[in-house]
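Chemist: Okay, handing you the structure first.
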Amino acid sequence: MVGYLISLGIFTATFALFSLGLNLHWGYTGLINFGHVGFLAIGSYTTILLGIAGVPMFFAVFAGVVLAMGLGFSMGMATLRLREDYLAIVTIGMAEIVRLIALNEDWLTRGGRGVYGFPLPFAQFNPNIPTKLGMIALFWAVVGAAAWQWWQWLERQYGRSRLRWLLPSYAALLIAGTLSLWATLLPLSLGREIAIFPLVLTLLTLGGAIALVSHYCRPDKPAVIPIALNTLAAALGGLVVKALTLGLWDFSYRAGLLWLLVLVLALVVWQLERLIHSPWGRVLKAIREDEEVAKALGKNVFAYKMQSLLLGGAIAAVAGSFYAWQLTFINPDGFVSLITFQGWTIVVLGGAGNNMGPLLGAALFWAYTALTRFIPLDGGRLEALRMMLIGLVLIILMMWRPQGILGKKEELSLGR
Amino acid sequence: MVDESSLAPVPSSVSQVLPADLLLATELCKSFGGIRAVDHAEIRVARGSITGLIGPNGAGKTTLFNLLCNFITPDQGRVIFDGVPISHLPPHQVALQGLLRTFQVPRVLSRLSVLENMLLAAPLQTGEKFWNSWLQPLRIRQEEQELRQRAWAILESVGLAAKANDYAGALSGGQRKLLEMGRVMMHRPRMVLLDEPTAGVNPTLINQICEHIVRWNQGGVTFLIIEHNMDVVMSLCQHIWVLAEGKNLADGPPREIQTNPEVLRAYLGQ
Ligand SMILES: Nc1ncnc2c1ncn2[C@@H]1O[C@H](COP(=O)(O)OP(=O)(O)OP(=O)(O)O)[C@@H](O)[C@H]1O
Ligand SMILES: [Mg+2]
């Protein structure tokens, strides 16, 4: 269970990172990038190929970032001065070109046979107890900061007085979550497949109970669904936090990877938030809204679009390194356009134009993927059913909440 | 109605006191397919003046504005701003020279707040440079503080202070006009091109807008105004240019234009 949650956590965080770049492009700058996977591919291949050649890991990742920015630069030079739909076409083409190069330049990438046996971070790492404790402490510091931000956001959203009722509920949930984890560990011996169901059932019941309690306490302004959802998210988050803490203690390669990923993700989100709220971010948002206005006010629209494209691409390239390290085997099939559209699904689901959107979207996307794995169908059919279901979810979302889960409703009614 | 005496504070002799034209465009041409939207047009705007640009619908006034700021590249012609040719500059560079424009249909940044719309307009902010977010965070914070104060002052003067934290997209048409003008003033421009500042605005607000324009003009900003409301044009402007079918029809002080038979025929329909 711990190992499984860690794997799931790595995928979630990798895709969150990937989608953060896309969100910068689309959600903040209004650039339609349909070739985001190209950055991921360049990041992956550069990191692992240089790693094999003996380049230290940090520099290999850095080189991947630089090359991905090179790709972004050529995309930008080709299209950013044109109307925006051209960017969509060119990006999708460029990502395909990257994949086809990886497929055909056998001498470099071993083509369709793929690359494996590349150096991995933490592979030969055997931390002693103080190191482990240090890592856990750092991780908890990040978790604490995130939880604090989350709480602040909830306070802004639902008001402090209403949340007063939630604090004891959260405490209860923490205990209940731990108990439910133990309850899940029992049937774990019967096999992983059965274990997930009681777990989810427990969490759903808990979320529902909390929502009812809060509804009962403050019936004047019911916020039942969001509070229940937040509760559920906290519970699931708590499970992952616990899993990673345990994983770091019995140190495994993947636990180390997730640990690193969490730190990188936190750093990226933090800095993106800073940037977005700086005058620089204001110009990006202005370009998203109406680039003619930005131009008329003396902003060099082309330069800002380029910077956004490069920064988003660089973030995706870092995601690419983790993508390769998690899979430990990379071939061009891992970089089909579908990945780009999974990124779009994540951004749209979570709510574009909000840095938390990709995090939530990625968590939902991978929770969905994890849950649908247990549908008893063979591989091809399952894949088809999953696609249909996610399409359905998106359609329903577009009808019910077109701005995405975290999007602001007021924005929908605005004229241009 | 606009009270003429209160709204004509700038003496008509200004253009003689400062002989140099702030803006001078000659031989401007632009065709869209077969249509000659602007056809060898010329315009001069004296420093410190409020100058009008009138003409029938489709005369090419908006197109001329677009050419002046290089929003549309002219087929031929020169634009000189404060003695410097600007026809080769990209639009944002033109704005950085101090020549700002508004749009006929007001364009606000819908999903930004009214205040953010204002803050955006300030030119050459330290925090607009990517690396400065890390290199000069203190300076950025201080600048933001100052910008906020200025933005509030302008918003208050145009009566939008109560709306400062609303989405700009939630403003009414007239409020958008005001926001657009306030936003342009946030840039500390030397010259502003206003495209129909009073279109779709109620009479009381029209008076207010005129007062703002006069006040800003007294503060040293030169205006070139496209306007269909003749009362406004005649009372605000010291000099008026008339455009018809992309060509210059006439130019002169308001009284001359009002009585020019050609103008009356082409434009006033009398
Ligand atoms: N982008 C364009 N493509 C094709 N034709 C255009 C374009 N812009 C303007 N025109 C044409 O050029 C002519 C002048 O248009 P313009 O908008 O400059 O008129 P105007 O004087 O501003 O009129 P109004 O007073 O109605 O605003 C019109 O015949 C219009 O159809
Ligand atoms: Mg016009």
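Here, A, B, ... name the chains of the structure tokens in the order displayed, residue numbers run from 1 inside each chain, and ligands are numbered from 1 in the same displayed order.
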Would you list the contacts of Gly252 in chain B as a PyMOL selection string, taking every protein, DNA or RNA residue within 8 Å and counting only C-alpha atoms, but skipping same-chain residues closer than 2 positions in sequence?
Modeler: chain B and resi 239-241+250+254+256-257
Chemist: Go ahead and write the selection's residues with N, CA and C atoms as an mmCIF file, in the first residue's frame.
Modeler:
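selection-v3.cif, freshly written:
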```cif
data_model
loop_
_atom_site.group_PDB
_atom_site.id
_atom_site.type_symbol
_atom_site.label_atom_id
_atom_site.label_comp_id
_atom_site.auth_asym_id
_atom_site.auth_seq_id
_atom_site.Cartn_x
_atom_site.Cartn_y
_atom_site.Cartn_z
ATOM 1 N N HIS B 239 -8.677 73.248 -32.593
ATOM 2 C CA HIS B 239 -8.448 73.059 -34.018
ATOM 3 C C HIS B 239 -9.115 71.749 -34.416
ATOM 4 N N ILE B 240 -9.685 71.735 -35.612
ATOM 5 C CA ILE B 240 -10.419 70.543 -36.025
ATOM 6 C C ILE B 240 -9.986 70.114 -37.419
ATOM 7 N N TRP B 241 -9.790 68.826 -37.556
ATOM 8 C CA TRP B 241 -9.481 68.250 -38.861
ATOM 9 C C TRP B 241 -10.680 67.461 -39.327
ATOM 10 N N ALA B 250 -10.955 69.375 -44.758
ATOM 11 C CA ALA B 250 -10.709 70.745 -44.294
ATOM 12 C C ALA B 250 -10.032 70.675 -42.945
ATOM 13 N N PRO B 254 -12.820 75.781 -34.788
ATOM 14 C CA PRO B 254 -14.209 75.316 -34.788
ATOM 15 C C PRO B 254 -15.148 76.198 -35.596
ATOM 16 N N GLU B 256 -14.679 78.218 -38.083
ATOM 17 C CA GLU B 256 -14.464 78.078 -39.525
ATOM 18 C C GLU B 256 -15.076 76.773 -40.038
ATOM 19 N N ILE B 257 -14.814 75.682 -39.285
ATOM 20 C CA ILE B 257 -15.300 74.376 -39.707
ATOM 21 C C ILE B 257 -16.821 74.363 -39.737
#
```
Chemist: Show me which residues sit within 9 Å of ligand 2 when counting only C-alpha atoms and all ligand atoms, and put them as an mmCIF file with C-alpha atoms, in the first residue's frame.
Modeler:
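Result file out.cif:
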```cif
data_model
loop_
_atom_site.group_PDB
_atom_site.id
_atom_site.type_symbol
_atom_site.label_atom_id
_atom_site.label_comp_id
_atom_site.auth_asym_id
_atom_site.auth_seq_id
_atom_site.Cartn_x
_atom_site.Cartn_y
_atom_site.Cartn_z
ATOM 1 C CA ASN B 57 -18.979 57.110 -40.472
ATOM 2 C CA GLY B 58 -16.409 55.083 -42.344
ATOM 3 C CA ALA B 59 -14.349 58.162 -43.148
ATOM 4 C CA GLY B 60 -11.218 56.418 -41.942
ATOM 5 C CA LYS B 61 -10.760 58.181 -38.604
ATOM 6 C CA THR B 62 -10.197 55.050 -36.541
ATOM 7 C CA THR B 63 -7.951 53.675 -39.226
ATOM 8 C CA PHE B 65 -5.528 56.446 -35.337
ATOM 9 C CA PHE B 103 -10.251 52.293 -28.479
ATOM 10 C CA GLN B 104 -13.559 53.195 -30.076
ATOM 11 C CA VAL B 105 -15.202 50.211 -28.413
ATOM 12 C CA ASP B 195 -11.535 57.480 -30.115
ATOM 13 C CA GLU B 196 -15.085 58.706 -29.460
ATOM 14 C CA ILE B 226 -12.371 61.628 -32.666
ATOM 15 C CA GLU B 227 -15.898 62.651 -31.824
#
```
Chemist: For chain A, work out the contacting residues on chain B at 9 Å, counting only C-alpha atoms, and write them as a PyMOL selection string.
Modeler: chain B and resi 69+71+90-97+100-103+107-112+116-117+119-130+133+140+144+167-171+183-184+187
Chemist: Please provide as an mmCIF file with C-alpha atoms, in the first residue's frame all residues within 8 Å of Val348 in chain A, with the sequence filter that same-chain residues fewer than 5 positions apart are discarded (counting only C-alpha atoms).
Modeler:
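New file part_37.cif:
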```
data_model
loop_
_atom_site.group_PDB
_atom_site.id
_atom_site.type_symbol
_atom_site.label_atom_id
_atom_site.label_comp_id
_atom_site.auth_asym_id
_atom_site.auth_seq_id
_atom_site.Cartn_x
_atom_site.Cartn_y
_atom_site.Cartn_z
ATOM 1 C CA GLY A 361 -6.555 18.342 -11.407
ATOM 2 C CA GLN A 403 -14.469 27.507 -15.183
ATOM 3 C CA GLY A 404 -13.026 24.321 -13.638
#
```
Chemist: Measure the distance from CA of Ile315 in chain A to CA of Gly72 in chain A in Å and round it to one decimal.
Modeler: 11.6 Å
Chemist: Just list the residues in range 104-213 of chain B DSSP gives strand (DSSP E or B) on the backbone, as a PyMOL selection string.
Modeler: chain B and resi 113+167+191-195
Chemist: For range 149-151 of chain A, list every protein, DNA or RNA residue within 10 Å, evaluated using only C-alpha atoms, and leave out those in the same chain fewer than 5 positions away; present the list as a list in words.
Modeler: Val143, Gly144, Arg156, Gln157, Arg160, Leu163, Leu167, Asn230, Ala234 and Met356 of chain A
